[in-house]
$ cat my_file-v4.cif   # mmCIF, C-alpha atoms and all ligand atoms; chains and numbers go by the auth columns
data_target
#
loop_
_atom_site.group_PDB
_atom_site.id
_atom_site.type_symbol
_atom_site.label_atom_id
_atom_site.label_comp_id
_atom_site.label_asym_id
_atom_site.label_seq_id
_atom_site.Cartn_x
_atom_site.Cartn_y
_atom_site.Cartn_z
_atom_site.B_iso_or_equiv
_atom_site.auth_seq_id
_atom_site.auth_asym_id
ATOM 1 C CA MET A 1 26.970 -4.647 2.292 0.00 1 A
ATOM 2 C CA THR A 2 23.321 -3.719 2.558 0.00 2 A
ATOM 3 C CA ASN A 3 22.836 -0.768 4.877 0.00 3 A
ATOM 4 C CA LEU A 4 20.124 -0.639 7.485 0.00 4 A
ATOM 5 C CA ASN A 5 17.940 1.697 5.493 0.00 5 A
ATOM 6 C CA ASP A 6 18.071 -0.480 2.338 0.00 6 A
ATOM 7 C CA ALA A 7 17.304 -3.587 4.370 0.00 7 A
ATOM 8 C CA ARG A 8 14.321 -1.873 5.976 0.00 8 A
ATOM 9 C CA LEU A 9 13.011 -0.741 2.591 0.00 9 A
ATOM 10 C CA GLN A 10 13.301 -4.269 1.173 0.00 10 A
ATOM 11 C CA LEU A 11 11.305 -5.554 4.087 0.00 11 A
ATOM 12 C CA VAL A 12 8.679 -2.838 3.619 0.00 12 A
ATOM 13 C CA VAL A 13 8.321 -3.879 -0.034 0.00 13 A
ATOM 14 C CA ALA A 14 7.980 -7.537 1.007 0.00 14 A
ATOM 15 C CA ASN A 15 5.223 -6.579 3.473 0.00 15 A
ATOM 16 C CA ARG A 16 3.315 -4.588 0.855 0.00 16 A
ATOM 17 C CA ILE A 17 3.603 -7.345 -1.763 0.00 17 A
ATOM 18 C CA LEU A 18 2.381 -10.092 0.548 0.00 18 A
ATOM 19 C CA ALA A 19 -0.582 -7.932 1.552 0.00 19 A
ATOM 20 C CA HIS A 20 -1.402 -7.018 -2.036 0.00 20 A
ATOM 21 C CA GLU A 21 -1.170 -10.619 -3.288 0.00 21 A
ATOM 22 C CA GLY A 22 -3.666 -11.867 -0.704 0.00 22 A
ATOM 23 C CA VAL A 23 -1.156 -13.799 1.393 0.00 23 A
ATOM 24 C CA MET A 24 -1.715 -11.503 4.377 0.00 24 A
ATOM 25 C CA ASP A 25 -4.579 -9.337 5.560 0.00 25 A
ATOM 26 C CA ALA A 26 -4.848 -7.455 8.828 0.00 26 A
ATOM 27 C CA TYR A 27 -2.616 -10.153 10.293 0.00 27 A
ATOM 28 C CA GLY A 28 0.517 -11.998 9.237 0.00 28 A
ATOM 29 C CA HIS A 29 4.144 -10.887 9.265 0.00 29 A
ATOM 30 C CA VAL A 30 7.388 -11.189 7.348 0.00 30 A
ATOM 31 C CA SER A 31 10.990 -10.809 8.537 0.00 31 A
ATOM 32 C CA MET A 32 14.561 -10.988 7.245 0.00 32 A
ATOM 33 C CA ARG A 33 17.743 -12.061 8.988 0.00 33 A
ATOM 34 C CA SER A 34 19.994 -9.106 9.680 0.00 34 A
ATOM 35 C CA PRO A 35 22.567 -8.810 6.857 0.00 35 A
ATOM 36 C CA TRP A 36 25.253 -7.763 9.390 0.00 36 A
ATOM 37 C CA ASN A 37 24.466 -9.990 12.375 0.00 37 A
ATOM 38 C CA PRO A 38 23.109 -13.536 11.885 0.00 38 A
ATOM 39 C CA GLN A 39 21.962 -13.529 15.521 0.00 39 A
ATOM 40 C CA ARG A 40 19.450 -10.778 14.760 0.00 40 A
ATOM 41 C CA PHE A 41 16.444 -10.368 12.490 0.00 41 A
ATOM 42 C CA LEU A 42 14.385 -7.419 11.249 0.00 42 A
ATOM 43 C CA LEU A 43 10.616 -7.404 11.767 0.00 43 A
ATOM 44 C CA ALA A 44 7.993 -4.695 12.016 0.00 44 A
ATOM 45 C CA ARG A 45 6.359 -3.682 15.250 0.00 45 A
ATOM 46 C CA SER A 46 2.721 -4.791 15.535 0.00 46 A
ATOM 47 C CA CYS A 47 1.338 -3.387 12.295 0.00 47 A
ATOM 48 C CA SER A 48 -0.742 -4.767 9.383 0.00 48 A
ATOM 49 C CA PRO A 49 1.568 -5.660 6.469 0.00 49 A
ATOM 50 C CA ALA A 50 -0.093 -3.257 4.012 0.00 50 A
ATOM 51 C CA LEU A 51 0.671 -0.360 6.351 0.00 51 A
ATOM 52 C CA VAL A 52 4.272 -1.123 7.393 0.00 52 A
ATOM 53 C CA THR A 53 6.817 1.675 6.858 0.00 53 A
ATOM 54 C CA ALA A 54 10.600 1.740 7.364 0.00 54 A
ATOM 55 C CA GLU A 55 10.125 3.446 10.745 0.00 55 A
ATOM 56 C CA ASP A 56 8.155 0.417 11.962 0.00 56 A
ATOM 57 C CA ILE A 57 11.017 -2.046 11.406 0.00 57 A
ATOM 58 C CA LEU A 58 12.757 -3.167 14.613 0.00 58 A
ATOM 59 C CA GLU A 59 15.662 -5.523 15.327 0.00 59 A
ATOM 60 C CA PHE A 60 15.153 -8.663 17.421 0.00 60 A
ATOM 61 C CA ASP A 61 17.393 -11.340 18.915 0.00 61 A
ATOM 62 C CA LEU A 62 16.852 -15.083 18.419 0.00 62 A
ATOM 63 C CA ASN A 63 14.677 -15.246 21.536 0.00 63 A
ATOM 64 C CA GLY A 64 12.249 -12.734 20.041 0.00 64 A
ATOM 65 C CA ASN A 65 13.340 -9.813 22.233 0.00 65 A
ATOM 66 C CA PRO A 66 13.734 -6.368 20.628 0.00 66 A
ATOM 67 C CA ASP A 67 17.213 -4.818 20.809 0.00 67 A
ATOM 68 C CA HIS A 68 15.819 -1.421 21.701 0.00 68 A
ATOM 69 C CA PRO A 69 12.551 -1.831 23.555 0.00 69 A
ATOM 70 C CA ASP A 70 10.128 1.054 23.239 0.00 70 A
ATOM 71 C CA ASP A 71 6.467 1.417 24.078 0.00 71 A
ATOM 72 C CA ARG A 72 5.177 0.312 20.683 0.00 72 A
ATOM 73 C CA PRO A 73 3.354 -3.052 20.780 0.00 73 A
ATOM 74 C CA LEU A 74 5.052 -6.049 19.129 0.00 74 A
ATOM 75 C CA TYR A 75 3.671 -8.986 17.163 0.00 75 A
ATOM 76 C CA ILE A 76 2.557 -11.595 19.684 0.00 76 A
ATOM 77 C CA GLU A 77 3.791 -14.353 17.348 0.00 77 A
ATOM 78 C CA ARG A 78 7.273 -12.899 16.697 0.00 78 A
ATOM 79 C CA PHE A 79 8.724 -16.029 18.365 0.00 79 A
ATOM 80 C CA ILE A 80 7.964 -17.966 15.166 0.00 80 A
ATOM 81 C CA HIS A 81 10.636 -15.931 13.378 0.00 81 A
ATOM 82 C CA ALA A 82 13.171 -16.233 16.196 0.00 82 A
ATOM 83 C CA ALA A 83 12.846 -20.019 16.313 0.00 83 A
ATOM 84 C CA MET A 84 13.153 -20.445 12.545 0.00 84 A
ATOM 85 C CA TYR A 85 16.372 -18.399 12.356 0.00 85 A
ATOM 86 C CA ALA A 86 17.795 -20.226 15.362 0.00 86 A
ATOM 87 C CA ALA A 87 16.972 -23.677 13.990 0.00 87 A
ATOM 88 C CA ARG A 88 17.946 -23.067 10.374 0.00 88 A
ATOM 89 C CA PRO A 89 21.208 -21.200 9.665 0.00 89 A
ATOM 90 C CA ASP A 90 20.395 -21.403 5.919 0.00 90 A
ATOM 91 C CA VAL A 91 17.215 -19.349 6.362 0.00 91 A
ATOM 92 C CA LEU A 92 17.388 -15.615 5.616 0.00 92 A
ATOM 93 C CA ALA A 93 13.667 -14.760 5.482 0.00 93 A
ATOM 94 C CA VAL A 94 10.534 -15.960 7.308 0.00 94 A
ATOM 95 C CA ALA A 95 6.806 -15.327 6.858 0.00 95 A
ATOM 96 C CA HIS A 96 3.687 -16.271 8.806 0.00 96 A
ATOM 97 C CA SER A 97 0.236 -16.094 7.207 0.00 97 A
ATOM 98 C CA HIS A 98 -3.410 -17.066 7.698 0.00 98 A
ATOM 99 C CA ALA A 99 -4.178 -17.204 3.931 0.00 99 A
ATOM 100 C CA THR A 100 -7.719 -18.541 3.505 0.00 100 A
ATOM 101 C CA ASP A 101 -6.945 -20.726 0.474 0.00 101 A
ATOM 102 C CA VAL A 102 -4.396 -22.708 2.482 0.00 102 A
ATOM 103 C CA LEU A 103 -6.543 -23.268 5.587 0.00 103 A
ATOM 104 C CA PRO A 104 -8.585 -26.288 4.373 0.00 104 A
ATOM 105 C CA TYR A 105 -5.359 -28.296 4.066 0.00 105 A
ATOM 106 C CA THR A 106 -4.523 -27.592 7.709 0.00 106 A
ATOM 107 C CA VAL A 107 -7.719 -29.181 9.030 0.00 107 A
ATOM 108 C CA THR A 108 -8.205 -32.164 6.698 0.00 108 A
ATOM 109 C CA ARG A 109 -6.079 -35.077 5.595 0.00 109 A
ATOM 110 C CA LYS A 110 -6.058 -33.805 2.006 0.00 110 A
ATOM 111 C CA PRO A 111 -2.353 -33.245 1.254 0.00 111 A
ATOM 112 C CA LEU A 112 -1.268 -29.858 -0.044 0.00 112 A
ATOM 113 C CA ARG A 113 1.361 -30.606 -2.688 0.00 113 A
ATOM 114 C CA ALA A 114 2.667 -28.697 -5.683 0.00 114 A
ATOM 115 C CA LEU A 115 0.731 -29.294 -8.894 0.00 115 A
ATOM 116 C CA ILE A 116 1.572 -26.128 -10.890 0.00 116 A
ATOM 117 C CA HIS A 117 5.134 -25.421 -12.015 0.00 117 A
ATOM 118 C CA SER A 118 5.299 -21.986 -10.383 0.00 118 A
ATOM 119 C CA ALA A 119 4.542 -23.616 -7.030 0.00 119 A
ATOM 120 C CA GLY A 120 7.417 -26.089 -7.244 0.00 120 A
ATOM 121 C CA VAL A 121 9.259 -23.676 -4.940 0.00 121 A
ATOM 122 C CA ILE A 122 7.101 -24.783 -2.005 0.00 122 A
ATOM 123 C CA GLY A 123 9.178 -27.985 -1.938 0.00 123 A
ATOM 124 C CA HIS A 124 8.358 -31.667 -1.530 0.00 124 A
ATOM 125 C CA GLU A 125 6.715 -31.917 1.835 0.00 125 A
ATOM 126 C CA LEU A 126 4.492 -29.561 3.812 0.00 126 A
ATOM 127 C CA PRO A 127 4.209 -31.024 7.302 0.00 127 A
ATOM 128 C CA CYS A 128 1.278 -29.906 9.443 0.00 128 A
ATOM 129 C CA TRP A 129 1.931 -28.821 13.030 0.00 129 A
ATOM 130 C CA ASP A 130 -0.832 -29.127 15.610 0.00 130 A
ATOM 131 C CA ILE A 131 -0.262 -26.912 18.656 0.00 131 A
ATOM 132 C CA HIS A 132 -2.626 -29.155 20.620 0.00 132 A
ATOM 133 C CA ASP A 133 -0.272 -32.143 20.415 0.00 133 A
ATOM 134 C CA ARG A 134 2.196 -30.718 22.934 0.00 134 A
ATOM 135 C CA PHE A 135 0.459 -27.693 24.400 0.00 135 A
ATOM 136 C CA GLY A 136 -3.145 -28.829 24.807 0.00 136 A
ATOM 137 C CA ASP A 137 -5.905 -26.244 24.766 0.00 137 A
ATOM 138 C CA SER A 138 -4.198 -22.945 23.908 0.00 138 A
ATOM 139 C CA ASN A 139 -5.497 -19.791 22.232 0.00 139 A
ATOM 140 C CA MET A 140 -3.903 -21.235 19.045 0.00 140 A
ATOM 141 C CA LEU A 141 -1.254 -18.502 18.868 0.00 141 A
ATOM 142 C CA VAL A 142 2.495 -19.130 19.084 0.00 142 A
ATOM 143 C CA VAL A 143 3.262 -16.941 22.089 0.00 143 A
ATOM 144 C CA ASN A 144 6.595 -18.241 23.437 0.00 144 A
ATOM 145 C CA MET A 145 9.840 -19.893 22.383 0.00 145 A
ATOM 146 C CA ALA A 146 8.796 -23.368 23.541 0.00 146 A
ATOM 147 C CA GLN A 147 5.872 -23.368 21.109 0.00 147 A
ATOM 148 C CA ALA A 148 7.916 -21.721 18.353 0.00 148 A
ATOM 149 C CA ASN A 149 10.770 -24.234 18.733 0.00 149 A
ATOM 150 C CA ASP A 150 8.263 -27.061 18.476 0.00 150 A
ATOM 151 C CA LEU A 151 6.917 -25.504 15.273 0.00 151 A
ATOM 152 C CA ALA A 152 10.444 -25.131 13.864 0.00 152 A
ATOM 153 C CA GLN A 153 11.115 -28.783 14.673 0.00 153 A
ATOM 154 C CA ARG A 154 8.009 -29.791 12.707 0.00 154 A
ATOM 155 C CA LEU A 155 9.185 -27.674 9.776 0.00 155 A
ATOM 156 C CA GLY A 156 12.445 -29.642 9.780 0.00 156 A
ATOM 157 C CA ALA A 157 14.405 -29.115 6.569 0.00 157 A
ATOM 158 C CA ASN A 158 11.271 -28.117 4.595 0.00 158 A
ATOM 159 C CA ARG A 159 10.227 -24.688 3.307 0.00 159 A
ATOM 160 C CA VAL A 160 6.646 -24.552 4.567 0.00 160 A
ATOM 161 C CA VAL A 161 4.949 -25.815 7.703 0.00 161 A
ATOM 162 C CA LEU A 162 1.152 -25.793 7.869 0.00 162 A
ATOM 163 C CA MET A 163 -0.444 -24.941 11.210 0.00 163 A
ATOM 164 C CA ARG A 164 -3.683 -26.692 12.116 0.00 164 A
ATOM 165 C CA GLY A 165 -6.687 -24.341 12.032 0.00 165 A
ATOM 166 C CA HIS A 166 -4.367 -21.350 11.863 0.00 166 A
ATOM 167 C CA GLY A 167 -2.300 -20.903 8.681 0.00 167 A
ATOM 168 C CA PHE A 168 1.305 -21.543 7.717 0.00 168 A
ATOM 169 C CA SER A 169 4.869 -20.411 8.234 0.00 169 A
ATOM 170 C CA ALA A 170 7.434 -20.362 5.423 0.00 170 A
ATOM 171 C CA VAL A 171 11.206 -19.943 5.240 0.00 171 A
ATOM 172 C CA ALA A 172 13.560 -19.098 2.366 0.00 172 A
ATOM 173 C CA ARG A 173 17.091 -18.152 1.374 0.00 173 A
ATOM 174 C CA SER A 174 16.046 -14.623 0.406 0.00 174 A
ATOM 175 C CA LEU A 175 13.073 -12.281 0.666 0.00 175 A
ATOM 176 C CA VAL A 176 12.205 -12.618 -3.012 0.00 176 A
ATOM 177 C CA GLU A 177 12.311 -16.419 -2.798 0.00 177 A
ATOM 178 C CA LEU A 178 10.071 -16.215 0.268 0.00 178 A
ATOM 179 C CA ILE A 179 7.533 -14.140 -1.630 0.00 179 A
ATOM 180 C CA ARG A 180 7.537 -16.647 -4.494 0.00 180 A
ATOM 181 C CA ILE A 181 6.911 -19.448 -2.024 0.00 181 A
ATOM 182 C CA CYS A 182 4.067 -17.606 -0.256 0.00 182 A
ATOM 183 C CA VAL A 183 2.327 -16.274 -3.360 0.00 183 A
ATOM 184 C CA TYR A 184 2.437 -19.563 -5.268 0.00 184 A
ATOM 185 C CA LEU A 185 1.580 -21.618 -2.206 0.00 185 A
ATOM 186 C CA ARG A 186 -1.672 -19.686 -1.975 0.00 186 A
ATOM 187 C CA ILE A 187 -2.369 -19.949 -5.723 0.00 187 A
ATOM 188 C CA ASN A 188 -1.480 -23.661 -5.724 0.00 188 A
ATOM 189 C CA ALA A 189 -3.910 -24.254 -2.855 0.00 189 A
ATOM 190 C CA ALA A 190 -6.713 -22.532 -4.776 0.00 190 A
ATOM 191 C CA VAL A 191 -5.962 -24.408 -8.020 0.00 191 A
ATOM 192 C CA LEU A 192 -5.756 -27.697 -6.134 0.00 192 A
ATOM 193 C CA ALA A 193 -9.189 -27.180 -4.577 0.00 193 A
ATOM 194 C CA LYS A 194 -10.640 -26.539 -8.035 0.00 194 A
ATOM 195 C CA ALA A 195 -8.768 -29.464 -9.633 0.00 195 A
ATOM 196 C CA LEU A 196 -9.999 -31.847 -6.927 0.00 196 A
ATOM 197 C CA GLU A 197 -13.568 -30.886 -7.848 0.00 197 A
ATOM 198 C CA PHE A 198 -12.826 -31.958 -11.414 0.00 198 A
ATOM 199 C CA GLY A 199 -11.312 -35.314 -10.496 0.00 199 A
ATOM 200 C CA ASP A 200 -7.944 -36.996 -10.078 0.00 200 A
ATOM 201 C CA VAL A 201 -4.995 -34.638 -9.827 0.00 201 A
ATOM 202 C CA THR A 202 -1.485 -35.062 -11.238 0.00 202 A
ATOM 203 C CA TYR A 203 1.072 -33.465 -8.915 0.00 203 A
ATOM 204 C CA LEU A 204 4.569 -32.361 -9.867 0.00 204 A
ATOM 205 C CA SER A 205 7.060 -35.216 -9.732 0.00 205 A
ATOM 206 C CA GLU A 206 9.848 -35.321 -7.152 0.00 206 A
ATOM 207 C CA GLY A 207 12.369 -34.603 -9.898 0.00 207 A
ATOM 208 C CA GLU A 208 10.379 -31.649 -11.217 0.00 208 A
ATOM 209 C CA ILE A 209 10.272 -30.119 -7.729 0.00 209 A
ATOM 210 C CA ASP A 210 14.028 -30.694 -7.317 0.00 210 A
ATOM 211 C CA ASN A 211 14.736 -28.886 -10.592 0.00 211 A
ATOM 212 C CA ILE A 212 12.451 -25.967 -9.755 0.00 212 A
ATOM 213 C CA CYS A 213 13.904 -25.567 -6.249 0.00 213 A
ATOM 214 C CA ALA A 214 17.441 -25.578 -7.691 0.00 214 A
ATOM 215 C CA VAL A 215 16.884 -22.185 -9.402 0.00 215 A
ATOM 216 C CA ASP A 216 19.108 -19.561 -7.790 0.00 216 A
ATOM 217 C CA ALA A 217 17.246 -16.934 -5.768 0.00 217 A
ATOM 218 C CA GLY A 218 19.243 -14.245 -7.618 0.00 218 A
ATOM 219 C CA ALA A 219 18.300 -15.545 -11.087 0.00 219 A
ATOM 220 C CA PRO A 220 16.878 -12.921 -13.508 0.00 220 A
ATOM 221 C CA GLU A 221 13.455 -14.602 -13.643 0.00 221 A
ATOM 222 C CA VAL A 222 13.235 -14.369 -9.863 0.00 222 A
ATOM 223 C CA GLN A 223 14.236 -10.685 -9.796 0.00 223 A
ATOM 224 C CA ARG A 224 11.745 -9.922 -12.561 0.00 224 A
ATOM 225 C CA ALA A 225 8.867 -11.076 -10.392 0.00 225 A
ATOM 226 C CA TRP A 226 10.058 -8.978 -7.430 0.00 226 A
ATOM 227 C CA ARG A 227 9.860 -5.767 -9.479 0.00 227 A
ATOM 228 C CA TYR A 228 6.502 -6.761 -10.973 0.00 228 A
ATOM 229 C CA TRP A 229 4.933 -7.512 -7.594 0.00 229 A
ATOM 230 C CA ALA A 230 6.354 -4.292 -6.134 0.00 230 A
ATOM 231 C CA ALA A 231 4.825 -2.278 -8.990 0.00 231 A
ATOM 232 C CA ARG A 232 1.460 -4.014 -8.520 0.00 232 A
ATOM 233 C CA ALA A 233 1.603 -3.201 -4.814 0.00 233 A
ATOM 234 C CA GLY A 234 2.375 0.448 -5.648 0.00 234 A
ATOM 235 C CA CYS A 235 5.807 0.510 -4.009 0.00 235 A
ATOM 236 C CA GLU A 236 8.242 0.041 -6.921 0.00 236 A
ATOM 237 C CA LYS A 237 9.760 3.422 -6.102 0.00 237 A
ATOM 238 C CA LEU A 238 11.132 1.938 -2.861 0.00 238 A
ATOM 239 C CA LEU A 239 13.322 -0.510 -4.826 0.00 239 A
ATOM 240 C CA PRO A 240 16.857 0.463 -5.893 0.00 240 A
ATOM 241 C CA SER A 241 16.805 1.393 -9.599 0.00 241 A
HETATM 242 MN MN MN B . -0.955 -16.403 13.345 0.00 301 A
#

$ encode --input "my_file-v4.cif" --output "structure tokens" --more "lines below"
Ligand code: MN
Amino acid sequence: MTNLNDARLQLVVANRILAHEGVMDAYGHVSMRSPWNPQRFLLARSCSPALVTAEDILEFDLNGNPDHPDDRPLYIERFIHAAMYAARPDVLAVAHSHATDVLPYTVTRKPLRALIHSAGVIGHELPCWDIHDRFGDSNMLVVNMAQANDLAQRLGANRVVLMRGHGFSAVARSLVELIRICVYLRINAAVLAKALEFGDVTYLSEGEIDNICAVDAGAPEVQRAWRYWAARAGCEKLLPS
């Protein structure tokens, strides 16, 4: 079984990769379900993803409360993670991002769908959640479980939920699968914007997306990317050899 230190290091690597690949900037966060207690998840204290270290990783329950409260500030939107793990027992990793390339698809009716093979992992449907529908004029942040549960409901059985004027949240069966989803979601959004300038776009077929999503998260081609992204982000030494 993964020990606490290994789990923390994996999550540090995931943070660094998502920052380095332009999925996250000063803001955004990534978590993993605890390998030893499915009612808990690991998430950093309030800290920009590029700067997260193992000492910043805390354990939270499925209401977003830390197991060992201290005086370090927490992510205001940690409830997103809690609600996703509570709603989806199959989910082992969660990310929330404000990636610029994705934002236009959260505020227009232009659908964000997979059109490049590497982005097939984002799945068939990317519903868009509008916080205003149920919560009226807010500060746009997901700051409690009621809002987070509503977001998780909009996600449904999908892998990505867009958030109007805000960003997206993504879920996966492993950290490395989550990174694939986030990185290629962003790239797909950028390619789609360019392709739409050129003219009509051919998206992946339903069957193509099914086949791409069927690849096991532990497959060699998936692991290869994890090591590559870690090296690019300058943290390969944190991975087990
Ligand atoms: Mn946010």

$ atom_distance --input "my_file-v4.cif" --atom1 "atom CA of Lys110 of chain A" --atom2 "atom CA of Arg78 of chain A"
28.8 Å

$ closest_atom_pairs --input "my_file-v4.cif" --of "segment 99-144 of chain A" --to "segment 186-190 of chain A" --cutoff "8 Å" --atoms "only C-alpha atoms" --output "JSON lines"
{"residue": "A:Ala99", "atom": "CA", "partner": "A:Arg186", "partner_atom": "CA", "distance": 6.9}
{"residue": "A:Asp101", "atom": "CA", "partner": "A:Ala190", "partner_atom": "CA", "distance": 5.6}
{"residue": "A:Val102", "atom": "CA", "partner": "A:Ala189", "partner_atom": "CA", "distance": 5.6}
{"residue": "A:Leu112", "atom": "CA", "partner": "A:Ala189", "partner_atom": "CA", "distance": 6.8}
{"residue": "A:Ala114", "atom": "CA", "partner": "A:Asn188", "partner_atom": "CA", "distance": 6.5}
{"residue": "A:Leu115", "atom": "CA", "partner": "A:Asn188", "partner_atom": "CA", "distance": 6.8}
{"residue": "A:Ile116", "atom": "CA", "partner": "A:Asn188", "partner_atom": "CA", "distance": 6.5}
{"residue": "A:Ala119", "atom": "CA", "partner": "A:Asn188", "partner_atom": "CA", "distance": 6.2}

$ closest_residue --input "my_file-v4.cif" --among "A:Glu77, A:Glu21, A:Asp61, A:Glu208" --to "ligand MN 301 (chain A)" --atoms "all atoms listed in the file"
A:Glu77

$ residues_near_ligand --input "my_file-v4.cif" --ligand "ligand MN 301 (chain A)" --cutoff "7 Å" --atoms "all atoms listed in the file" --output "PDB file with C-alpha atoms, keeping the file's coordinate frame"
ATOM      1  CA  GLY A  28       0.517 -11.998   9.237  1.00  0.00           C
ATOM      2  CA  GLU A  77       3.791 -14.353  17.348  1.00  0.00           C
ATOM      3  CA  HIS A  96       3.687 -16.271   8.806  1.00  0.00           C
ATOM      4  CA  SER A  97       0.236 -16.094   7.207  1.00  0.00           C
ATOM      5  CA  HIS A  98      -3.410 -17.066   7.698  1.00  0.00           C
ATOM      6  CA  LEU A 141      -1.254 -18.502  18.868  1.00  0.00           C
ATOM      7  CA  HIS A 166      -4.367 -21.350  11.863  1.00  0.00           C
ATOM      8  CA  GLY A 167      -2.300 -20.903   8.681  1.00  0.00           C
TER       9      GLY A 167
END

$ resolve_selection --input "my_file-v4.cif" --expression "the PyMOL selection byres (((chain A and resi 30-40) around 8) and not hetatm)" --output "list in words"
Met1, Thr2, Ala7, Leu11, Ala14, Asn15, Gly28, His29, Phe41, Leu42, Leu43, Ala44, Glu59, Phe60, Asp61, Leu62, His81, Tyr85, Ala86, Val91, Leu92, Ala93, Val94, Ala95, His96, Ser174 and Leu175 of chain A

$ write_last_selection --input "my_file-v4.cif" --atoms "C-alpha atoms" --output "PDB file, in the frame of the given file"
ATOM      1  CA  MET A   1      26.970  -4.647   2.292  1.00  0.00           C
ATOM      2  CA  THR A   2      23.321  -3.719   2.558  1.00  0.00           C
ATOM      3  CA  ALA A   7      17.304  -3.587   4.370  1.00  0.00           C
ATOM      4  CA  LEU A  11      11.305  -5.554   4.087  1.00  0.00           C
ATOM      5  CA  ALA A  14       7.980  -7.537   1.007  1.00  0.00           C
ATOM      6  CA  ASN A  15       5.223  -6.579   3.473  1.00  0.00           C
ATOM      7  CA  GLY A  28       0.517 -11.998   9.237  1.00  0.00           C
ATOM      8  CA  HIS A  29       4.144 -10.887   9.265  1.00  0.00           C
ATOM      9  CA  PHE A  41      16.444 -10.368  12.490  1.00  0.00           C
ATOM     10  CA  LEU A  42      14.385  -7.419  11.249  1.00  0.00           C
ATOM     11  CA  LEU A  43      10.616  -7.404  11.767  1.00  0.00           C
ATOM     12  CA  ALA A  44       7.993  -4.695  12.016  1.00  0.00           C
ATOM     13  CA  GLU A  59      15.662  -5.523  15.327  1.00  0.00           C
ATOM     14  CA  PHE A  60      15.153  -8.663  17.421  1.00  0.00           C
ATOM     15  CA  ASP A  61      17.393 -11.340  18.915  1.00  0.00           C
ATOM     16  CA  LEU A  62      16.852 -15.083  18.419  1.00  0.00           C
ATOM     17  CA  HIS A  81      10.636 -15.931  13.378  1.00  0.00           C
ATOM     18  CA  TYR A  85      16.372 -18.399  12.356  1.00  0.00           C
ATOM     19  CA  ALA A  86      17.795 -20.226  15.362  1.00  0.00           C
ATOM     20  CA  VAL A  91      17.215 -19.349   6.362  1.00  0.00           C
ATOM     21  CA  LEU A  92      17.388 -15.615   5.616  1.00  0.00           C
ATOM     22  CA  ALA A  93      13.667 -14.760   5.482  1.00  0.00           C
ATOM     23  CA  VAL A  94      10.534 -15.960   7.308  1.00  0.00           C
ATOM     24  CA  ALA A  95       6.806 -15.327   6.858  1.00  0.00           C
ATOM     25  CA  HIS A  96       3.687 -16.271   8.806  1.00  0.00           C
ATOM     26  CA  SER A 174      16.046 -14.623   0.406  1.00  0.00           C
ATOM     27  CA  LEU A 175      13.073 -12.281   0.666  1.00  0.00           C
TER      28      LEU A 175
END

$ atom_distance --input "my_file-v4.cif" --atom1 "atom CA of Ala50 of chain A" --atom2 "atom CA of Val215 of chain A"
28.7 Å

$ atom_distance --input "my_file-v4.cif" --atom1 "atom CA of Arg113 of chain A" --atom2 "atom CA of Leu204 of chain A"
8.1 Å
